[in-house]
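Dumped query10.pdb below, it's PDB, C-alpha atoms:
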ATOM      1  CA  MET A   1      13.162  11.128  -6.045  1.00  0.00           C
ATOM      2  CA  THR A   2      11.486  12.535  -9.146  1.00  0.00           C
ATOM      3  CA  LEU A   3      13.534  15.736  -9.109  1.00  0.00           C
ATOM      4  CA  MET A   4      16.758  13.767  -8.803  1.00  0.00           C
ATOM      5  CA  GLU A   5      15.749  11.415 -11.617  1.00  0.00           C
ATOM      6  CA  GLU A   6      14.675  14.310 -13.818  1.00  0.00           C
ATOM      7  CA  SER A   7      18.095  15.883 -13.349  1.00  0.00           C
ATOM      8  CA  MET A   8      19.808  12.606 -14.236  1.00  0.00           C
ATOM      9  CA  TRP A   9      17.491  12.052 -17.221  1.00  0.00           C
ATOM     10  CA  LYS A  10      18.255  15.491 -18.667  1.00  0.00           C
ATOM     11  CA  ARG A  11      22.000  14.763 -18.637  1.00  0.00           C
ATOM     12  CA  ILE A  12      21.645  11.853 -21.060  1.00  0.00           C
ATOM     13  CA  ASP A  13      22.532  12.850 -24.619  1.00  0.00           C
ATOM     14  CA  PRO A  14      20.585  10.299 -26.686  1.00  0.00           C
ATOM     15  CA  PHE A  15      22.475  11.110 -29.887  1.00  0.00           C
ATOM     16  CA  VAL A  16      25.784  10.315 -28.204  1.00  0.00           C
ATOM     17  CA  GLU A  17      25.131   7.829 -25.390  1.00  0.00           C
ATOM     18  CA  CYS A  18      22.247   5.782 -26.789  1.00  0.00           C
ATOM     19  CA  VAL A  19      23.657   4.703 -30.137  1.00  0.00           C
ATOM     20  CA  GLY A  20      25.770   1.665 -30.835  1.00  0.00           C
ATOM     21  CA  GLN A  21      24.898   0.131 -27.450  1.00  0.00           C
ATOM     22  CA  LEU A  22      27.674   2.206 -25.888  1.00  0.00           C
ATOM     23  CA  TRP A  23      26.277   1.528 -22.400  1.00  0.00           C
ATOM     24  CA  SER A  24      27.350  -2.108 -22.788  1.00  0.00           C
ATOM     25  CA  LYS A  25      30.767  -1.665 -24.404  1.00  0.00           C
ATOM     26  CA  LYS A  26      34.221  -2.006 -22.878  1.00  0.00           C
ATOM     27  CA  ASP A  27      34.711   1.770 -22.497  1.00  0.00           C
ATOM     28  CA  LYS A  28      31.115   2.400 -21.384  1.00  0.00           C
ATOM     29  CA  GLU A  29      32.076   4.638 -18.439  1.00  0.00           C
ATOM     30  CA  GLU A  30      33.686   7.054 -20.878  1.00  0.00           C
ATOM     31  CA  LYS A  31      31.198   6.756 -23.757  1.00  0.00           C
ATOM     32  CA  ALA A  32      27.856   6.587 -21.896  1.00  0.00           C
ATOM     33  CA  PRO A  33      28.419   7.877 -18.346  1.00  0.00           C
ATOM     34  CA  ASN A  34      24.949   9.330 -17.867  1.00  0.00           C
ATOM     35  CA  VAL A  35      23.147   6.247 -19.143  1.00  0.00           C
ATOM     36  CA  LEU A  36      25.244   4.156 -16.753  1.00  0.00           C
ATOM     37  CA  LYS A  37      24.447   6.487 -13.842  1.00  0.00           C
ATOM     38  CA  PHE A  38      20.756   6.206 -14.628  1.00  0.00           C
ATOM     39  CA  ILE A  39      20.936   2.400 -14.813  1.00  0.00           C
ATOM     40  CA  THR A  40      22.937   2.241 -11.576  1.00  0.00           C
ATOM     41  CA  HIS A  41      20.436   4.527  -9.874  1.00  0.00           C
ATOM     42  CA  PHE A  42      17.560   2.291 -11.010  1.00  0.00           C
ATOM     43  CA  ASN A  43      19.277  -0.787  -9.591  1.00  0.00           C
ATOM     44  CA  GLU A  44      20.096   0.965  -6.317  1.00  0.00           C
ATOM     45  CA  MET A  45      16.510   2.165  -5.886  1.00  0.00           C
ATOM     46  CA  ASN A  46      15.193  -1.320  -6.639  1.00  0.00           C
ATOM     47  CA  HIS A  47      17.568  -2.771  -4.047  1.00  0.00           C
ATOM     48  CA  TRP A  48      16.612  -0.057  -1.538  1.00  0.00           C
ATOM     49  CA  VAL A  49      12.900  -0.902  -1.864  1.00  0.00           C
ATOM     50  CA  GLN A  50      13.674  -4.550  -1.171  1.00  0.00           C
ATOM     51  CA  THR A  51      15.991  -3.769   1.747  1.00  0.00           C
ATOM     52  CA  GLU A  52      13.555  -1.396   3.434  1.00  0.00           C
ATOM     53  CA  ILE A  53      10.805  -4.011   3.413  1.00  0.00           C
ATOM     54  CA  LEU A  54      12.957  -7.021   4.254  1.00  0.00           C
ATOM     55  CA  SER A  55      14.767  -5.277   7.114  1.00  0.00           C
ATOM     56  CA  GLU A  56      11.517  -5.029   9.082  1.00  0.00           C
ATOM     57  CA  VAL A  57      11.043  -8.175  11.160  1.00  0.00           C
ATOM     58  CA  ASP A  58       7.594  -7.197  12.430  1.00  0.00           C
ATOM     59  CA  LEU A  59       4.678  -7.939  10.067  1.00  0.00           C
ATOM     60  CA  LYS A  60       2.849  -4.734  10.971  1.00  0.00           C
ATOM     61  CA  ARG A  61       5.918  -2.575  10.291  1.00  0.00           C
ATOM     62  CA  ARG A  62       6.673  -4.422   7.047  1.00  0.00           C
ATOM     63  CA  GLY A  63       3.105  -3.741   5.941  1.00  0.00           C
ATOM     64  CA  LYS A  64       3.525  -0.063   6.784  1.00  0.00           C
ATOM     65  CA  VAL A  65       6.687   0.161   4.660  1.00  0.00           C
ATOM     66  CA  LEU A  66       4.964  -1.698   1.813  1.00  0.00           C
ATOM     67  CA  ARG A  67       2.042   0.754   1.964  1.00  0.00           C
ATOM     68  CA  LYS A  68       4.462   3.687   1.866  1.00  0.00           C
ATOM     69  CA  PHE A  69       6.077   2.370  -1.314  1.00  0.00           C
ATOM     70  CA  ILE A  70       2.663   1.903  -2.925  1.00  0.00           C
ATOM     71  CA  GLU A  71       1.891   5.511  -2.001  1.00  0.00           C
ATOM     72  CA  VAL A  72       5.206   6.668  -3.490  1.00  0.00           C
ATOM     73  CA  ALA A  73       4.486   4.708  -6.697  1.00  0.00           C
ATOM     74  CA  GLU A  74       1.105   6.436  -6.901  1.00  0.00           C
ATOM     75  CA  HIS A  75       2.828   9.820  -6.489  1.00  0.00           C
ATOM     76  CA  CYS A  76       5.321   8.863  -9.205  1.00  0.00           C
ATOM     77  CA  LEU A  77       2.378   8.140 -11.495  1.00  0.00           C
ATOM     78  CA  ALA A  78       0.874  11.556 -10.743  1.00  0.00           C
ATOM     79  CA  LEU A  79       4.264  13.122 -11.550  1.00  0.00           C
ATOM     80  CA  ASN A  80       4.682  11.051 -14.741  1.00  0.00           C
ATOM     81  CA  ASN A  81       7.787   9.392 -13.300  1.00  0.00           C
ATOM     82  CA  PHE A  82       7.474   6.022 -15.004  1.00  0.00           C
ATOM     83  CA  ASN A  83      11.061   5.128 -14.186  1.00  0.00           C
ATOM     84  CA  GLY A  84      10.339   5.629 -10.481  1.00  0.00           C
ATOM     85  CA  ILE A  85       7.251   3.447 -10.721  1.00  0.00           C
ATOM     86  CA  LEU A  86       9.320   0.666 -12.269  1.00  0.00           C
ATOM     87  CA  GLU A  87      12.004   1.000  -9.593  1.00  0.00           C
ATOM     88  CA  ILE A  88       9.372   0.446  -6.917  1.00  0.00           C
ATOM     89  CA  ILE A  89       7.323  -2.233  -8.692  1.00  0.00           C
ATOM     90  CA  SER A  90      10.485  -4.161  -9.605  1.00  0.00           C
ATOM     91  CA  GLY A  91      11.524  -4.115  -5.960  1.00  0.00           C
ATOM     92  CA  LEU A  92       8.075  -5.243  -4.811  1.00  0.00           C
ATOM     93  CA  ASN A  93       8.007  -8.011  -7.429  1.00  0.00           C
ATOM     94  CA  SER A  94      11.471  -9.292  -6.532  1.00  0.00           C
ATOM     95  CA  THR A  95      11.444 -12.857  -5.242  1.00  0.00           C
ATOM     96  CA  PRO A  96      12.418 -12.033  -1.627  1.00  0.00           C
ATOM     97  CA  VAL A  97       9.641  -9.428  -1.290  1.00  0.00           C
ATOM     98  CA  PHE A  98       6.973 -11.076  -3.440  1.00  0.00           C
ATOM     99  CA  ARG A  99       7.058 -14.232  -1.303  1.00  0.00           C
ATOM    100  CA  LEU A 100       5.942 -12.212   1.769  1.00  0.00           C
ATOM    101  CA  LYS A 101       2.290 -13.190   1.324  1.00  0.00           C
ATOM    102  CA  LYS A 102       1.328 -12.250   4.903  1.00  0.00           C
ATOM    103  CA  THR A 103       2.757  -8.771   4.384  1.00  0.00           C
ATOM    104  CA  PHE A 104       0.780  -8.270   1.183  1.00  0.00           C
ATOM    105  CA  SER A 105      -2.344  -9.553   2.953  1.00  0.00           C
ATOM    106  CA  THR A 106      -2.162  -6.539   5.317  1.00  0.00           C
ATOM    107  CA  LEU A 107      -2.993  -4.212   2.407  1.00  0.00           C
ATOM    108  CA  SER A 108      -6.444  -2.726   2.132  1.00  0.00           C
ATOM    109  CA  LYS A 109      -8.557  -3.426  -0.943  1.00  0.00           C
ATOM    110  CA  ARG A 110      -7.792   0.077  -2.234  1.00  0.00           C
ATOM    111  CA  GLU A 111      -4.020  -0.379  -1.755  1.00  0.00           C
ATOM    112  CA  THR A 112      -4.131  -3.754  -3.493  1.00  0.00           C
ATOM    113  CA  GLN A 113      -6.039  -2.221  -6.417  1.00  0.00           C
ATOM    114  CA  ILE A 114      -3.509   0.612  -6.726  1.00  0.00           C
ATOM    115  CA  LEU A 115      -0.636  -1.873  -6.688  1.00  0.00           C
ATOM    116  CA  GLU A 116      -2.330  -4.049  -9.316  1.00  0.00           C
ATOM    117  CA  ARG A 117      -3.226  -1.072 -11.539  1.00  0.00           C
ATOM    118  CA  VAL A 118       0.241   0.471 -11.419  1.00  0.00           C
ATOM    119  CA  GLY A 119       1.941  -2.917 -11.724  1.00  0.00           C
ATOM    120  CA  GLU A 120      -0.137  -3.828 -14.766  1.00  0.00           C
ATOM    121  CA  MET A 121       0.667  -0.510 -16.427  1.00  0.00           C
ATOM    122  CA  VAL A 122       4.436  -1.041 -16.240  1.00  0.00           C
ATOM    123  CA  HIS A 123       4.468  -4.806 -16.827  1.00  0.00           C
ATOM    124  CA  SER A 124       6.824  -5.962 -19.574  1.00  0.00           C
ATOM    125  CA  LYS A 125       4.273  -8.213 -21.278  1.00  0.00           C
ATOM    126  CA  ASN A 126       3.582  -7.504 -24.930  1.00  0.00           C
ATOM    127  CA  ASN A 127       6.685  -5.331 -25.114  1.00  0.00           C
ATOM    128  CA  TYR A 128       5.451  -2.918 -22.425  1.00  0.00           C
ATOM    129  CA  GLN A 129       2.147  -2.419 -24.236  1.00  0.00           C
ATOM    130  CA  TYR A 130       0.409  -0.496 -21.438  1.00  0.00           C
ATOM    131  CA  LEU A 131       3.446   1.594 -20.565  1.00  0.00           C
ATOM    132  CA  ARG A 132       3.867   2.601 -24.199  1.00  0.00           C
ATOM    133  CA  ALA A 133       0.186   3.568 -24.374  1.00  0.00           C
ATOM    134  CA  ALA A 134       0.524   5.627 -21.183  1.00  0.00           C
ATOM    135  CA  LEU A 135       3.596   7.396 -22.569  1.00  0.00           C
ATOM    136  CA  LYS A 136       1.671   8.315 -25.730  1.00  0.00           C
ATOM    137  CA  ARG A 137      -1.112   9.896 -23.653  1.00  0.00           C
ATOM    138  CA  VAL A 138       1.049  11.610 -21.054  1.00  0.00           C
ATOM    139  CA  THR A 139       1.278  15.358 -20.719  1.00  0.00           C
ATOM    140  CA  LEU A 140       4.919  16.365 -20.550  1.00  0.00           C
ATOM    141  CA  PRO A 141       7.161  16.503 -18.635  1.00  0.00           C
ATOM    142  CA  CYS A 142       7.734  12.864 -17.854  1.00  0.00           C
ATOM    143  CA  ILE A 143      10.538  10.502 -16.926  1.00  0.00           C
ATOM    144  CA  PRO A 144      10.191   7.378 -19.044  1.00  0.00           C
ATOM    145  CA  TYR A 145      11.617   3.975 -18.223  1.00  0.00           C
ATOM    146  CA  LEU A 146      15.028   3.992 -19.889  1.00  0.00           C
ATOM    147  CA  GLY A 147      15.348   0.201 -19.911  1.00  0.00           C
ATOM    148  CA  MET A 148      12.491  -0.130 -22.380  1.00  0.00           C
ATOM    149  CA  TYR A 149      14.184   2.207 -24.851  1.00  0.00           C
ATOM    150  CA  LEU A 150      17.607   0.618 -24.430  1.00  0.00           C
ATOM    151  CA  THR A 151      16.030  -2.756 -25.197  1.00  0.00           C
ATOM    152  CA  ASP A 152      14.363  -1.287 -28.301  1.00  0.00           C
ATOM    153  CA  LEU A 153      17.659   0.174 -29.480  1.00  0.00           C
ATOM    154  CA  THR A 154      19.474  -3.103 -28.874  1.00  0.00           C
ATOM    155  CA  PHE A 155      16.941  -5.065 -30.938  1.00  0.00           C
ATOM    156  CA  MET A 156      17.046  -2.511 -33.751  1.00  0.00           C
ATOM    157  CA  GLU A 157      20.828  -2.409 -33.896  1.00  0.00           C
ATOM    158  CA  ASP A 158      21.214  -6.180 -33.602  1.00  0.00           C
ATOM    159  CA  SER A 159      18.841  -6.706 -36.525  1.00  0.00           C
ATOM    160  CA  MET A 160      20.826  -4.449 -38.847  1.00  0.00           C
TER     161      MET A 160
END
Take the structure I supplied and represent it as structure tokens, if you would.
Amino acid sequence: MTLMEESMWKRIDPFVECVGQLWSKKDKEEKAPNVLKFITHFNEMNHWVQTEILSEVDLKRRGKVLRKFIEVAEHCLALNNFNGILEIISGLNSTPVFRLKKTFSTLSKRETQILERVGEMVHSKNNYQYLRAALKRVTLPCIPYLGMYLTDLTFMEDSM
């Protein structure tokens, strides 16, 4: 996951694809293909997390899948893959998954703490305050969350 996302991340030319909100324009596939691929990948991973959990009808198996995604999110953190963390946390926080209270109750205290810690770090409140702080402290290489930067660029360009 991280190797694939690193490869995709490296293909984005920020001086070409990330200016003028090209990823949202009519000819976006031509002007910002790598940004679009990265966004599409994020959405597909988010959907995959949801599908993997929701496709399990047995509570015990759903809990096992949930634990695996928490473990993967923890590995993403160790690898400085903040985009991967957000893919997973977004999937876990989606309405269909988040409402599975019995599934979340199968988590150990340690697993719940990991989920809360990682979830808090990538939460969008205060303009991604904790994620921005983590990115300032991180030892490179890392894969940041592209959505945060695209939002920043949109606000900057819209205010000009």
**Request:** Given the file shown, enumerate the residues that the PyMOL selection byres ((chain A and resi 16) around 12) captures and present them as a list in words.
**Result:**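 Selected by the PyMOL selection byres ((chain A and resi 16) around 12) here: Arg11, Ile12, Asp13, Pro14, Phe15, Glu17, Cys18, Val19, Gly20, Gln21, Leu22, Trp23, Lys28, Glu30, Lys31, Ala32, Pro33, Asn34 and Val35 of chain A.
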**Request:** Convert the output of the PyMOL selection byres ((chain A and resi 5) around 10) on the shown file into explicit residues, formatted as a ChimeraX atom specification.
**Result:** /A:1-4,6-11,38,41-42,81,83-84,143
**Asked** Which is closer to Lys64 of chain A than all the others in A:Ser105, A:Ile39, A:Tyr130, A:Lys136, using only C-alpha atoms?
**Response**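 The closest residue to Lys64 of chain A is A:Ser105.
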**Prompt:** Written as a list in words, which residues does the PyMOL selection byres ((chain A and resi 115-124) around 8) give for the file shown?
**Reply:** Ile70, Ala73, Glu74, Leu77, Phe82, Ile85, Leu86, Ile89, Glu111, Thr112, Gln113, Ile114, Lys125, Asn126, Asn127, Tyr128, Gln129, Tyr130, Leu131 and Ala134 of chain A
Those same residues - C-alpha atoms - I'd like them written as an mmCIF file, keeping the file's coordinate frame.
data_model
loop_
_atom_site.group_PDB
_atom_site.id
_atom_site.type_symbol
_atom_site.label_atom_id
_atom_site.label_comp_id
_atom_site.auth_asym_id
_atom_site.auth_seq_id
_atom_site.Cartn_x
_atom_site.Cartn_y
_atom_site.Cartn_z
ATOM 1 C CA ILE A 70 2.663 1.903 -2.925
ATOM 2 C CA ALA A 73 4.486 4.708 -6.697
ATOM 3 C CA GLU A 74 1.105 6.436 -6.901
ATOM 4 C CA LEU A 77 2.378 8.140 -11.495
ATOM 5 C CA PHE A 82 7.474 6.022 -15.004
ATOM 6 C CA ILE A 85 7.251 3.447 -10.721
ATOM 7 C CA LEU A 86 9.320 0.666 -12.269
ATOM 8 C CA ILE A 89 7.323 -2.233 -8.692
ATOM 9 C CA GLU A 111 -4.020 -0.379 -1.755
ATOM 10 C CA THR A 112 -4.131 -3.754 -3.493
ATOM 11 C CA GLN A 113 -6.039 -2.221 -6.417
ATOM 12 C CA ILE A 114 -3.509 0.612 -6.726
ATOM 13 C CA LYS A 125 4.273 -8.213 -21.278
ATOM 14 C CA ASN A 126 3.582 -7.504 -24.930
ATOM 15 C CA ASN A 127 6.685 -5.331 -25.114
ATOM 16 C CA TYR A 128 5.451 -2.918 -22.425
ATOM 17 C CA GLN A 129 2.147 -2.419 -24.236
ATOM 18 C CA TYR A 130 0.409 -0.496 -21.438
ATOM 19 C CA LEU A 131 3.446 1.594 -20.565
ATOM 20 C CA ALA A 134 0.524 5.627 -21.183
#
**Message:** Can you measure atom CA of Arg62 of chain A to atom CA of Thr40 of chain A for me? One decimal in Å is fine.
**Reply:** 25.6 Å
**Request:** Please measure the separation of atom CA of Pro96 of chain A and atom CA of Gly147 of chain A, giving the value in Å to one decimal.
**Result:**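 Answer for the atom CA of Pro96 of chain A to atom CA of Gly147 of chain A separation: 22.2 Å.
Checking A:Leu140, A:Glu29, A:Arg67, A:His75 one by one against Lys109 of chain A, counting only C-alpha atoms, you find the shortest gap at A:Arg67.
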**Prompt:** Residues at most 8 Å from Thr106 of chain A, counting only C-alpha atoms, excluding those fewer than 3 positions away in the same chain, as a list in words?
**Reply:**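 Those residues are Lys60, Gly63, Lys102 and Thr103 of chain A.
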Can I get the selection written as a short mmCIF file (atom, residue, chain, number, x, y, z; two decimals), in the coordinates of the input, with C-alpha atoms?
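Writing done, so here's selection_30.cif:
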data_model
loop_
_atom_site.label_atom_id
_atom_site.label_comp_id
_atom_site.auth_asym_id
_atom_site.auth_seq_id
_atom_site.Cartn_x
_atom_site.Cartn_y
_atom_site.Cartn_z
CA LYS A 60 2.85 -4.73 10.97
CA GLY A 63 3.10 -3.74 5.94
CA LYS A 102 1.33 -12.25 4.90
CA THR A 103 2.76 -8.77 4.38
#
**Item:** Gap from atom CA of Val97 of chain A to atom CA of Gln50 of chain A - Å, one decimal
**Value:** 6.3 Å
**Item:** Residue nearest Leu79 of chain A - candidates A:Thr139, A:Thr95, A:Ser24, A:Asn46, atoms counted: all atoms listed in the file
**Value:**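 Closest residue, counting all atoms listed in the file: A:Thr139.
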**Prompt:** For His47 of chain A, which of A:Val65, A:Val72, A:Ala133, A:Ile88 is the closest residue, counting all atoms listed in the file?
**Reply:** A:Ile88
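In terms of minimum interatomic distance to Arg137 of chain A, A:Asn80 ranks closest within A:Leu107, A:Asn80, A:Asn43, A:Val49, counting only C-alpha atoms.
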